[in-house]
Structure formats: C-alpha cells, structure tokens
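Trainee: Please find my_file-v5.csv (CSV, C-alpha atoms) on the next line:
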chain,number,residue,atom,x,y,z
T,1,MET,CA,89.2,3.6,-17.1
T,2,SER,CA,85.9,5.6,-17.7
T,3,ASN,CA,85.2,8.9,-16.1
T,4,LYS,CA,82.5,7.3,-14.1
T,5,SER,CA,84.9,4.9,-12.5
T,6,THR,CA,87.3,7.6,-11.4
T,7,GLN,CA,84.7,9.7,-9.6
T,8,GLY,CA,84.7,9.7,-5.8
T,9,ILE,CA,82.1,7.5,-4.2
T,10,MET,CA,80.0,10.3,-2.9
T,11,GLU,CA,79.8,11.7,-6.5
T,12,ASN,CA,78.0,8.6,-7.8
T,13,LYS,CA,74.6,9.0,-9.3
T,14,ILE,CA,72.3,6.1,-8.5
T,15,LEU,CA,69.3,5.2,-10.7
T,16,ILE,CA,66.6,3.4,-8.7
T,17,THR,CA,63.8,1.7,-10.6
T,18,GLY,CA,60.5,1.1,-8.8
T,19,ALA,CA,61.6,3.9,-6.6
T,20,GLY,CA,58.2,4.8,-5.3
T,21,GLY,CA,57.6,1.4,-3.7
T,22,TYR,CA,58.4,0.5,-0.1
T,23,VAL,CA,62.0,-0.7,-0.8
T,24,GLY,CA,62.7,1.8,-3.5
T,25,LEU,CA,61.5,4.8,-1.4
T,26,ASN,CA,63.6,3.7,1.5
T,27,LEU,CA,66.6,3.4,-0.7
T,28,VAL,CA,66.0,6.9,-2.1
T,29,ARG,CA,66.0,8.2,1.5
T,30,TYR,CA,69.0,6.1,2.5
T,31,TYR,CA,71.2,7.3,-0.3
T,32,CYS,CA,70.0,11.0,-0.3
T,33,GLU,CA,70.9,11.2,3.4
T,34,ARG,CA,74.4,10.0,2.6
T,35,GLY,CA,74.9,12.7,0.0
T,36,TYR,CA,74.4,10.7,-3.2
T,37,MET,CA,72.5,12.0,-6.3
T,38,VAL,CA,69.5,9.8,-7.0
T,39,HIS,CA,67.5,9.4,-10.2
T,40,ALA,CA,64.2,7.9,-9.0
T,41,VAL,CA,62.1,6.1,-11.7
T,42,ASP,CA,58.5,4.7,-11.4
T,43,ARG,CA,55.5,4.3,-13.6
T,44,SER,CA,52.8,4.5,-10.9
T,45,GLU,CA,51.1,7.9,-10.5
T,46,SER,CA,50.7,7.5,-6.7
T,47,ALA,CA,54.4,6.4,-6.5
T,48,ILE,CA,55.6,9.4,-8.5
T,49,GLY,CA,53.5,11.6,-6.2
T,50,ARG,CA,55.3,10.2,-3.1
T,51,LEU,CA,58.7,10.7,-4.8
T,52,LEU,CA,57.9,14.3,-5.8
T,53,ASP,CA,56.9,15.1,-2.3
T,54,PHE,CA,60.1,13.8,-1.0
T,55,ALA,CA,62.2,15.4,-3.8
T,56,SER,CA,60.8,18.8,-3.0
T,57,ALA,CA,62.8,18.8,0.3
T,58,SER,CA,65.9,17.1,-1.0
T,59,GLU,CA,67.9,20.2,-2.0
T,60,GLY,CA,68.2,19.0,-5.6
T,61,LYS,CA,69.6,15.6,-4.8
T,62,ILE,CA,66.7,13.7,-6.4
T,63,GLN,CA,65.6,13.6,-10.0
T,64,VAL,CA,62.2,12.0,-10.6
T,65,SER,CA,61.1,10.4,-13.9
T,66,LEU,CA,57.8,8.8,-14.8
T,67,PHE,CA,58.1,6.0,-17.4
T,68,ASP,CA,57.9,2.2,-17.8
T,69,VAL,CA,61.3,0.6,-17.2
T,70,GLY,CA,60.5,-1.8,-19.9
T,71,ASP,CA,60.8,1.0,-22.4
T,72,TYR,CA,64.3,0.6,-23.6
T,73,THR,CA,64.7,4.1,-25.0
T,74,SER,CA,63.7,5.7,-21.8
T,75,ILE,CA,65.9,3.6,-19.5
T,76,LEU,CA,68.8,4.0,-21.9
T,77,GLU,CA,68.5,7.8,-21.6
T,78,ALA,CA,67.9,7.7,-17.9
T,79,SER,CA,71.0,5.5,-17.2
T,80,SER,CA,73.4,7.5,-19.5
T,81,LYS,CA,74.7,9.6,-16.6
T,82,CYS,CA,74.4,7.1,-13.8
T,83,ASN,CA,77.2,5.0,-12.1
T,84,TRP,CA,74.9,2.5,-10.3
T,85,ILE,CA,71.5,1.0,-11.0
T,86,ILE,CA,69.4,-0.6,-8.3
T,87,HIS,CA,66.5,-2.5,-9.9
T,88,CYS,CA,63.5,-2.7,-7.6
T,89,ALA,CA,60.7,-2.4,-10.2
T,90,ALA,CA,58.8,-5.7,-10.4
T,91,PHE,CA,55.4,-7.4,-9.9
T,92,LYS,CA,56.0,-9.1,-6.5
T,93,ARG,CA,52.7,-10.6,-5.3
T,94,VAL,CA,52.4,-14.4,-5.6
T,95,ASP,CA,48.6,-14.1,-5.9
T,96,VAL,CA,48.9,-11.7,-8.9
T,97,GLY,CA,51.2,-14.2,-10.6
T,98,ARG,CA,48.7,-17.0,-10.0
T,99,LYS,CA,45.9,-14.9,-11.5
T,100,PHE,CA,47.9,-13.3,-14.3
T,101,PRO,CA,50.9,-15.6,-14.8
T,102,CYS,CA,51.8,-14.5,-18.4
T,103,GLN,CA,51.5,-10.8,-17.6
T,104,LEU,CA,53.6,-11.0,-14.4
T,105,ALA,CA,56.4,-13.1,-16.0
T,106,LEU,CA,56.5,-10.9,-19.2
T,107,GLU,CA,56.6,-7.6,-17.2
T,108,ASN,CA,59.4,-8.7,-14.9
T,109,LEU,CA,61.5,-10.1,-17.7
T,110,ARG,CA,60.9,-7.2,-20.0
T,111,ALA,CA,61.9,-4.6,-17.4
T,112,PHE,CA,65.1,-6.2,-16.3
T,113,PHE,CA,66.2,-7.1,-19.9
T,114,SER,CA,65.9,-3.4,-20.8
T,115,VAL,CA,68.0,-2.5,-17.7
T,116,VAL,CA,70.7,-5.0,-18.6
T,117,GLN,CA,70.9,-3.8,-22.2
T,118,ALA,CA,70.9,-0.1,-21.2
T,119,ALA,CA,73.5,-0.6,-18.5
T,120,GLN,CA,75.8,-2.4,-20.9
T,121,ALA,CA,75.3,0.2,-23.6
T,122,ASN,CA,76.1,3.0,-21.2
T,123,ARG,CA,78.9,1.2,-19.4
T,124,VAL,CA,77.2,1.7,-16.0
T,125,GLU,CA,79.6,0.6,-13.4
T,126,LYS,CA,77.3,-1.6,-11.1
T,127,VAL,CA,73.8,-3.0,-11.4
T,128,LEU,CA,72.0,-4.7,-8.4
T,129,LEU,CA,68.9,-6.8,-9.0
T,130,CYS,CA,66.5,-6.9,-6.0
T,131,SER,CA,65.3,-10.5,-5.8
T,132,THR,CA,63.6,-12.6,-3.2
T,133,ASP,CA,64.0,-15.8,-1.1
T,134,LYS,CA,61.2,-17.2,-3.2
T,135,ALA,CA,63.7,-17.5,-6.0
T,136,ALA,CA,65.6,-20.2,-4.1
T,137,THR,CA,63.3,-23.1,-4.9
T,138,PRO,CA,60.4,-21.4,-6.7
T,139,LYS,CA,56.9,-22.7,-6.8
T,140,SER,CA,55.2,-19.5,-8.0
T,141,VAL,CA,55.5,-17.6,-11.2
T,142,MET,CA,56.8,-14.6,-9.3
T,143,GLY,CA,59.6,-16.7,-7.7
T,144,ALA,CA,60.5,-18.4,-11.0
T,145,SER,CA,60.7,-15.1,-12.8
T,146,LYS,CA,63.0,-13.7,-10.2
T,147,LEU,CA,65.2,-16.9,-10.4
T,148,LEU,CA,65.5,-16.4,-14.2
T,149,LEU,CA,66.5,-12.7,-13.7
T,150,GLU,CA,69.1,-13.8,-11.1
T,151,ARG,CA,70.6,-16.2,-13.7
T,152,VAL,CA,70.7,-13.4,-16.3
T,153,ALA,CA,72.4,-11.1,-13.8
T,154,SER,CA,74.9,-13.9,-12.9
T,155,TYR,CA,76.2,-14.0,-16.5
T,156,SER,CA,75.8,-10.5,-17.8
T,157,SER,CA,78.9,-8.8,-16.3
T,158,ASN,CA,81.6,-7.6,-18.7
T,159,ALA,CA,84.7,-5.5,-18.5
T,160,HIS,CA,82.7,-2.3,-17.9
T,161,THR,CA,79.6,-3.4,-15.9
T,162,THR,CA,79.2,-5.7,-12.9
T,163,PHE,CA,75.9,-7.3,-12.2
T,164,ALA,CA,74.8,-8.8,-8.9
T,165,SER,CA,71.6,-9.7,-7.0
T,166,ILE,CA,70.3,-9.6,-3.5
T,167,ARG,CA,67.6,-11.9,-2.1
T,168,PHE,CA,65.2,-10.1,0.4
T,169,ALA,CA,63.3,-11.9,3.1
T,170,ASN,CA,59.9,-10.7,4.2
T,171,ILE,CA,60.5,-7.0,4.9
T,172,LEU,CA,58.6,-6.1,8.0
T,173,ASN,CA,55.7,-3.7,7.4
T,174,SER,CA,56.4,-3.4,3.7
T,175,THR,CA,53.5,-2.7,1.3
T,176,GLY,CA,51.4,-5.8,0.7
T,177,SER,CA,53.3,-7.9,3.3
T,178,LEU,CA,51.8,-9.9,6.2
T,179,ILE,CA,51.8,-7.3,8.9
T,180,PRO,CA,50.0,-4.4,7.1
T,181,ILE,CA,47.5,-6.9,5.6
T,182,CYS,CA,46.8,-8.2,9.1
T,183,ILE,CA,46.5,-4.7,10.6
T,184,SER,CA,44.0,-3.8,7.9
T,185,ARG,CA,41.9,-6.8,8.6
T,186,LEU,CA,42.0,-6.1,12.4
T,187,LYS,CA,40.9,-2.5,11.8
T,188,GLU,CA,38.1,-3.7,9.6
T,189,ASN,CA,36.9,-6.3,12.1
T,190,ARG,CA,37.5,-9.1,9.6
T,191,GLY,CA,39.6,-11.4,11.8
T,192,LEU,CA,42.8,-13.0,10.8
T,193,VAL,CA,43.4,-16.0,8.5
T,194,ILE,CA,46.2,-18.5,8.0
T,195,ARG,CA,46.8,-21.0,5.2
T,196,ASP,CA,48.8,-23.5,7.3
T,197,VAL,CA,49.3,-23.4,11.0
T,198,SER,CA,52.8,-24.7,10.5
T,199,MET,CA,53.8,-21.9,8.1
T,200,THR,CA,57.1,-20.0,8.9
T,201,ARG,CA,58.7,-17.0,7.2
T,202,TYR,CA,62.0,-15.2,7.3
T,203,LEU,CA,61.8,-11.7,8.7
T,204,ILE,CA,64.0,-8.7,8.1
T,205,ASP,CA,63.6,-5.0,9.0
T,206,SER,CA,64.1,-2.1,6.7
T,207,SER,CA,67.3,-0.9,8.3
T,208,THR,CA,69.0,-4.2,7.9
T,209,THR,CA,67.8,-4.4,4.3
T,210,MET,CA,69.2,-1.0,3.4
T,211,ASN,CA,72.6,-1.7,5.0
T,212,LEU,CA,72.9,-5.0,3.1
T,213,VAL,CA,72.0,-3.3,-0.2
T,214,ASP,CA,74.7,-0.7,0.4
T,215,HIS,CA,77.2,-3.4,1.3
T,216,ALA,CA,76.4,-5.2,-1.9
T,217,MET,CA,76.8,-2.1,-3.9
T,218,GLN,CA,80.2,-1.4,-2.4
T,219,ARG,CA,81.5,-5.0,-2.5
T,220,MET,CA,79.8,-6.8,-5.3
T,221,GLY,CA,81.7,-9.1,-7.7
T,222,PRO,CA,80.4,-10.4,-11.0
T,223,GLY,CA,77.4,-12.7,-10.5
T,224,ASP,CA,77.3,-12.4,-6.7
T,225,ILE,CA,73.9,-13.1,-5.0
T,226,PHE,CA,73.8,-11.6,-1.5
T,227,LEU,CA,71.7,-13.5,1.2
T,228,PRO,CA,71.0,-11.9,4.6
T,229,HIS,CA,71.3,-13.9,7.8
T,230,VAL,CA,68.0,-13.2,9.5
T,231,ARG,CA,65.6,-14.7,12.0
T,232,SER,CA,62.3,-16.4,11.2
T,233,ALA,CA,59.0,-17.0,13.0
T,234,LYS,CA,55.8,-19.0,12.8
T,235,VAL,CA,53.2,-17.1,11.0
T,236,LEU,CA,50.7,-18.2,13.6
T,237,ASP,CA,52.8,-16.6,16.4
T,238,ILE,CA,52.9,-13.4,14.4
T,239,LEU,CA,49.1,-13.4,14.1
T,240,HIS,CA,48.7,-14.1,17.9
T,241,VAL,CA,51.1,-11.2,18.8
T,242,LEU,CA,49.4,-8.8,16.4
T,243,ARG,CA,46.0,-9.7,17.8
T,244,ALA,CA,47.2,-9.2,21.4
T,245,LEU,CA,48.8,-5.8,20.6
T,246,PHE,CA,45.8,-4.6,18.7
T,247,CYS,CA,43.3,-5.7,21.3
T,248,ALA,CA,45.3,-4.2,24.1
T,249,ARG,CA,45.6,-0.9,22.2
T,250,HIS,CA,41.9,-0.8,21.5
T,251,HIS,CA,40.6,-2.3,24.7
T,252,ARG,CA,39.1,-5.3,23.1
T,253,ASP,CA,38.8,-8.9,24.1
T,254,GLU,CA,41.1,-11.2,22.2
T,255,SER,CA,38.5,-13.9,22.0
T,256,ASP,CA,36.4,-11.5,19.8
T,257,VAL,CA,39.1,-11.6,17.1
T,258,LEU,CA,39.2,-15.0,15.3
T,259,ILE,CA,42.2,-16.6,13.8
T,260,LYS,CA,41.0,-19.2,11.4
T,261,PRO,CA,42.7,-21.6,8.9
T,262,VAL,CA,41.7,-21.2,5.2
T,263,GLU,CA,42.5,-23.2,2.1
T,264,ASN,CA,46.0,-22.7,0.7
T,265,VAL,CA,44.7,-21.8,-2.7
T,266,PHE,CA,48.0,-20.3,-3.8
T,267,ASP,CA,49.9,-23.4,-2.9
T,268,GLU,CA,52.3,-21.3,-0.8
T,269,ASN,CA,55.4,-22.9,0.8
T,270,VAL,CA,55.0,-23.9,4.4
T,271,ASP,CA,58.6,-23.1,5.0
T,272,GLU,CA,60.9,-20.7,3.0
T,273,ARG,CA,64.5,-21.1,2.2
T,274,MET,CA,67.2,-18.6,1.2
T,275,ILE,CA,69.2,-21.1,-0.8
T,276,ALA,CA,68.6,-24.5,-2.4
T,277,LYS,CA,70.6,-27.4,-0.8
T,278,GLU,CA,72.4,-28.2,-4.0
T,279,ASP,CA,73.8,-24.6,-4.1
T,280,LEU,CA,75.6,-24.8,-0.8
T,281,ARG,CA,78.8,-25.7,-2.6
T,282,PHE,CA,78.8,-22.2,-4.3
T,283,LEU,CA,78.1,-20.4,-1.0
T,284,ARG,CA,80.6,-18.1,0.7
T,285,MET,CA,79.8,-17.3,4.4
T,286,GLU,CA,80.6,-13.7,5.6
T,287,GLU,CA,79.8,-11.7,8.7
T,288,GLY,CA,76.0,-11.2,8.8
T,289,HIS,CA,75.3,-12.5,5.3
T,290,SER,CA,76.4,-15.0,2.7
T,291,VAL,CA,77.3,-14.7,-1.0
T,292,LEU,CA,76.2,-17.2,-3.6
T,293,ASN,CA,78.2,-17.3,-6.8
T,294,TYR,CA,77.9,-20.0,-9.4
T,295,SER,CA,81.3,-19.3,-11.0
T,296,SER,CA,83.3,-20.7,-8.0
T,297,VAL,CA,82.9,-23.8,-5.9
T,298,VAL,CA,83.7,-23.1,-2.2
T,299,SER,CA,84.9,-25.8,0.2
T,300,ASP,CA,83.8,-24.4,3.5
T,301,GLU,CA,83.2,-26.2,6.7
T,302,THR,CA,80.9,-23.4,7.9
T,303,HIS,CA,78.2,-24.9,5.6
T,304,SER,CA,77.2,-26.9,8.7
T,305,SER,CA,77.0,-23.8,10.9
T,306,PRO,CA,73.8,-22.6,12.4
T,307,ALA,CA,73.7,-19.6,9.9
T,308,ALA,CA,73.9,-22.0,7.0
T,309,LYS,CA,71.1,-24.2,8.4
T,310,ARG,CA,68.9,-21.1,8.7
T,311,LEU,CA,69.5,-20.4,5.1
T,312,LEU,CA,68.1,-23.8,4.2
T,313,SER,CA,64.8,-23.5,6.1
T,314,SER,CA,62.8,-20.7,7.8
T,315,SER,CA,61.7,-23.3,10.4
T,316,VAL,CA,65.1,-23.1,12.1
T,317,ASP,CA,65.9,-20.8,15.0
T,318,LEU,CA,62.4,-19.4,15.3
T,319,ALA,CA,61.7,-16.1,17.2
T,320,ASN,CA,59.4,-16.7,20.1
T,321,ARG,CA,56.3,-14.5,20.9
T,322,SER,CA,58.1,-12.4,23.4
T,323,GLU,CA,60.8,-11.5,20.8
T,324,LEU,CA,58.1,-10.7,18.3
T,325,VAL,CA,56.4,-8.4,20.7
T,326,GLU,CA,59.6,-6.5,21.2
T,327,LEU,CA,60.3,-6.4,17.5
T,328,LEU,CA,56.8,-5.0,16.6
T,329,HIS,CA,56.9,-2.5,19.4
T,330,GLU,CA,60.1,-1.1,17.9
T,331,MET,CA,58.5,-0.7,14.5
T,332,SER,CA,55.7,1.6,15.7
T,333,ILE,CA,53.3,-0.3,13.3
T,334,TRP,CA,50.1,1.4,14.6
Show how you would write the structure in this file as structure tokens.
Mentor:
Amino acid sequence: MSNKSTQGIMENKILITGAGGYVGLNLVRYYCERGYMVHAVDRSESAIGRLLDFASASEGKIQVSLFDVGDYTSILEASSKCNWIIHCAAFKRVDVGRKFPCQLALENLRAFFSVVQAAQANRVEKVLLCSTDKAATPKSVMGASKLLLERVASYSSNAHTTFASIRFANILNSTGSLIPICISRLKENRGLVIRDVSMTRYLIDSSTTMNLVDHAMQRMGPGDIFLPHVRSAKVLDILHVLRALFCARHHRDESDVLIKPVENVFDENVDERMIAKEDLRFLRMEEGHSVLNYSSVVSDETHSSPAAKRLLSSSVDLANRSELVELLHEMSIW
C-alpha cells in the first residue's frame, strides 16, 4: 500500500481544478474549514485573484497555481503530492457550446484526459469528475462532452486509482445560472424572458452540493456516478417569485416588469432528467442520493419509488411558489 493510502484522512491533500469558479471556490472553502490541505488550480486571472485573496487568510492550507489543466506536464507535477483530485474545470454553458462546439468539446476532453493520465501516473488515490444532469440524455455539445467524460471515468479505475463522477443539478445562485442572470436583468430594467412556459429545472443549494461531493469522495467505488435527490420547479414560477421579491424590495409595481416568451434558439430541454430510463437497472438507491454504476445490474423495487421518478423528470414533485419564496429568502440573493 502506498504512503498516500496510509495517511490519516485529515492529512489528505486535495487538488481542485477550476478552483476559482463557483463550485470550485466553495469546495476550497469547504475542505479548508475541515482542516484539509488544498491545491487550487485555475487558468483565469480573475479566478486566481479570488483564490489568492482567500488563500491569504487560510493559514497556509491553500496552495494556488495558475495553469491550463490540459497541460499534461503541469497537472502531472501538481498532482504528484495529492491524494484526491476533484475536477471542476470545464466549459459549462450550453450557449457557448452551440456557438463554439468544437472548442468546447476539445477543451473539456483535453482537460480531463490530462487529469486521468496524471492521476494514474502518480497513483492518486481518488478522482471525482464534476458532471451535470445534462449528461443523462444530452442534446447539447456541453452535455454530450460531459457524458463522454463520465464514460471515461467509469472505466479508468485501476488497482491504485479510483475514478467516479457526480452529476450536479442547477446550483442555486451559481455563476451564469438562472437566478443571477435574472437578477442582473431586473437591475438593468430589461425584464425577464423564458424559452418555454412549461420548462422545469432541478434545483440544489450549495450546501447540499458540498455535502454530496464529500460523501462521494469518502465512499466512491470504481465507476460510481452519484446523483442527488433534489426538488425541481417550473422556471416560470421562479421568474414570478424573483420579480415579486425584487419589486417588493425596490418598491416597484410588478406589472412594470415584463416576463415574455422568446424563441428557444438553443433547443434547450423543456424538462431535465438525472438519469436515462434505460439506466435504471444500474441504479442503486441510497439515503438522499442514488449511485449509477454500469458494472453491476441492480434488481431494486425502489426504482418505482417517488425518488426514482424524480430522477427521470424534473416535472415531478414541483416546488410551489411559496416554497420558492422561502428558499430564495434563505439564500440572501440580493
């Protein structure tokens, strides 16, 4: 057994790629607060600035590096003294993938392939790929690229390194997501738009996301794909609630803020799903989440449970507007 494997859990050093993004920075905070050493990597100058500001108060728990994760030599050196890798670095916007499909696909694949090769060469104990619900039945280049990376992770484990994945839902208030985009439009008096009035989306808060990532790191088996059990809501209801809260805060009349349908130019799904129906036979239900693993068929009656049905469509068990108001108040989004 390697020296890495024999170290105590709190002595682990975690390499986080894309560490200056919303999820990455929250993971840096999460693990630093729990006493871990973190090597935070990003290639964006603004992201590195945020990481350096946070690292200055971390009492030496954070090492910050600026490089492209797709550079194999750099990621090989950075991962040489790490026990775990959490791979967050990626192009994630569906519209970017539609405008620049080749670039998005190439960048996402190049970065993770470098991580896989470096982790195997350095015998890193565990690697977790951060994926998305859009990988379940992808229509976009972004979702398809993530599905391919999940498949690579599913079959890359060996005697020294375990690879697993986690599919995120729409993380509330994360950079570039629905809520901050809407708030920006409201502040700029541009009104709100929706591509389909029937559209629904899964919702997950940052705290739940961090806890599930840590659970995955502690419990992962080769090829596991972790799926959160979360609520969902109609996008139209989210827009109505955001408009109401914004107008109440700024003493404006709601009728002055339009919510108008626009063309679904990106061909976005009306509903999302955490898992494809044909993959249910590989699904293991656990408390608060499920685990998909293509190496084992599971005969499980819980596949007809409410939790399993929610995984198959974001149009099931929708949060109402009162619940959304409570949720958004808790987030302190303004």
Trainee: Give me the residues within 12 Å of T:Asp133 as a short mmCIF file (atom, residue, chain, number, x, y, z; two decimals) with C-alpha atoms, keeping the file's coordinate frame, counting only C-alpha atoms and dropping any in the same chain fewer than 4 places off.
Mentor:
data_model
loop_
_atom_site.label_atom_id
_atom_site.label_comp_id
_atom_site.auth_asym_id
_atom_site.auth_seq_id
_atom_site.Cartn_x
_atom_site.Cartn_y
_atom_site.Cartn_z
CA LYS T 92 56.00 -9.10 -6.50
CA THR T 137 63.30 -23.10 -4.90
CA PRO T 138 60.40 -21.40 -6.70
CA LYS T 139 56.90 -22.70 -6.80
CA SER T 140 55.20 -19.50 -8.00
CA MET T 142 56.80 -14.60 -9.30
CA GLY T 143 59.60 -16.70 -7.70
CA ALA T 144 60.50 -18.40 -11.00
CA LYS T 146 63.00 -13.70 -10.20
CA LEU T 147 65.20 -16.90 -10.40
CA GLU T 150 69.10 -13.80 -11.10
CA SER T 165 71.60 -9.70 -7.00
CA ILE T 166 70.30 -9.60 -3.50
CA ARG T 167 67.60 -11.90 -2.10
CA PHE T 168 65.20 -10.10 0.40
CA ALA T 169 63.30 -11.90 3.10
CA ASN T 170 59.90 -10.70 4.20
CA ILE T 171 60.50 -7.00 4.90
CA ARG T 201 58.70 -17.00 7.20
CA TYR T 202 62.00 -15.20 7.30
CA LEU T 203 61.80 -11.70 8.70
CA ILE T 204 64.00 -8.70 8.10
CA ILE T 225 73.90 -13.10 -5.00
CA PHE T 226 73.80 -11.60 -1.50
CA LEU T 227 71.70 -13.50 1.20
CA PRO T 228 71.00 -11.90 4.60
CA HIS T 229 71.30 -13.90 7.80
CA VAL T 230 68.00 -13.20 9.50
CA ASN T 269 55.40 -22.90 0.80
CA ASP T 271 58.60 -23.10 5.00
CA GLU T 272 60.90 -20.70 3.00
CA ARG T 273 64.50 -21.10 2.20
CA MET T 274 67.20 -18.60 1.20
CA ILE T 275 69.20 -21.10 -0.80
CA ALA T 276 68.60 -24.50 -2.40
CA LEU T 311 69.50 -20.40 5.10
CA LEU T 312 68.10 -23.80 4.20
CA SER T 313 64.80 -23.50 6.10
CA SER T 314 62.80 -20.70 7.80
#
Trainee: Which one of T:Glu330, T:Asp224, T:Glu268, T:Asp253 sits closest to T:Asn293 if you count all atoms listed in the file?
Mentor: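 Ranking T:Glu330, T:Asp224, T:Glu268, T:Asp253 by distance to T:Asn293, first place goes to T:Asp224.
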Trainee: Given the choices T:Val141, T:Ile179, T:Leu148, T:Leu192, which gets closest to T:Lys99 if the distance is worked out from only C-alpha atoms?
Mentor: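 So, comparing all the options, the nearest one is T:Val141.
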Trainee: Which polymer residues have any atom within 7 Å of an atom of T:Asn122, counting all atoms listed in the file, with same-chain residues fewer than 3 positions away left out, as a list of chain:residue names?
Mentor: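 These residues fall inside the cut-off: T:Ser79, T:Ser80, T:Ala118, T:Ala119.
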Trainee: Mind listing whatever residues come within 10 Å of the point (45.0, -11.8, 7.4)? Use all atoms listed in the file, file coordinates, and give them as a PDB file with C-alpha atoms, in the frame of the given file.
Mentor:
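Now in out04.pdb:
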ATOM      1  CA  LEU T 178      51.800  -9.900   6.200  1.00  0.00           C
ATOM      2  CA  ILE T 179      51.800  -7.300   8.900  1.00  0.00           C
ATOM      3  CA  PRO T 180      50.000  -4.400   7.100  1.00  0.00           C
ATOM      4  CA  ILE T 181      47.500  -6.900   5.600  1.00  0.00           C
ATOM      5  CA  CYS T 182      46.800  -8.200   9.100  1.00  0.00           C
ATOM      6  CA  ILE T 183      46.500  -4.700  10.600  1.00  0.00           C
ATOM      7  CA  SER T 184      44.000  -3.800   7.900  1.00  0.00           C
ATOM      8  CA  ARG T 185      41.900  -6.800   8.600  1.00  0.00           C
ATOM      9  CA  LEU T 186      42.000  -6.100  12.400  1.00  0.00           C
ATOM     10  CA  ARG T 190      37.500  -9.100   9.600  1.00  0.00           C
ATOM     11  CA  GLY T 191      39.600 -11.400  11.800  1.00  0.00           C
ATOM     12  CA  LEU T 192      42.800 -13.000  10.800  1.00  0.00           C
ATOM     13  CA  VAL T 193      43.400 -16.000   8.500  1.00  0.00           C
ATOM     14  CA  ILE T 194      46.200 -18.500   8.000  1.00  0.00           C
ATOM     15  CA  ARG T 195      46.800 -21.000   5.200  1.00  0.00           C
ATOM     16  CA  LEU T 239      49.100 -13.400  14.100  1.00  0.00           C
ATOM     17  CA  ILE T 259      42.200 -16.600  13.800  1.00  0.00           C
ATOM     18  CA  LYS T 260      41.000 -19.200  11.400  1.00  0.00           C
TER      19      LYS T 260
END
Trainee: So the first atom is atom CA of T:Ser174 and the second is atom CA of T:Tyr22; what is the distance between them in Å, to one decimal place?
Mentor: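 These atoms are spaced 5.8 Å apart.
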Trainee: Pick out the closest residue to T:Val257 from this set: T:Lys187, T:Arg110, T:Arg43, T:Lys13. Count only C-alpha atoms.
Mentor: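 That would be T:Lys187, the residue with the smallest distance to T:Val257.
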Trainee: Restricting the calculation to only C-alpha atoms: of T:Ile16, T:Ile238, T:Val69, T:Arg34, which residue gets closest to T:His87?
Mentor: T:Ile16
Trainee: Taking all atoms listed in the file into account, name the residue in T:Asn320, T:Asn173, T:Thr161, T:Thr208 that is nearest to T:Trp84.
Mentor: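 Closest to T:Trp84 of all the choices is T:Thr161.
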Trainee: So, with only C-alpha atoms as the atoms that count, which of T:Leu27, T:Ala233, T:Val291, T:Val116 lies closest to T:Phe163?
Mentor: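 Of T:Leu27, T:Ala233, T:Val291, T:Val116, the one nearest T:Phe163 is T:Val116, counting only C-alpha atoms.
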Trainee: Please provide the set of residues having any atom within 12 Å of T:Arg50, restricted to only C-alpha atoms, with same-chain residues fewer than 6 positions apart removed, written as a list in words.
Mentor: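 These residues fall inside the cut-off: Gly18, Ala19, Gly20, Gly21, Tyr22, Gly24, Leu25, Asn26, Val28, Arg29, Ala40, Val41, Asp42, Ser44, Ser56, Ala57 and Val64 of chain T.
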Trainee: Calculate how many Å separate atom CA of T:Asn189 from atom CA of T:Glu263, rounding to one decimal.
Mentor: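 Rounded to one decimal, the two atoms are 20.4 Å apart.
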Trainee: For T:Tyr294, find every residue with an atom within 9 Å (counting only C-alpha atoms), except residues of its own chain fewer than 3 positions away, and show them as a ChimeraX atom specification.
Mentor: /T:154,223-224,279,281-283,297
Trainee: Tell me, in Å to one decimal, how far atom CA of T:Leu51 is from atom CA of T:Thr162.
Mentor: 27.5 Å
Trainee: Near T:Glu125, within 12 Å and counting all atoms listed in the file, which residues show up once chain neighbours fewer than 3 positions away are dropped, as an MDAnalysis selection string?
Mentor: chainID T and resid 1:7 9 12:15 79:86 116 118:122 128 157:164 217:218 220:222
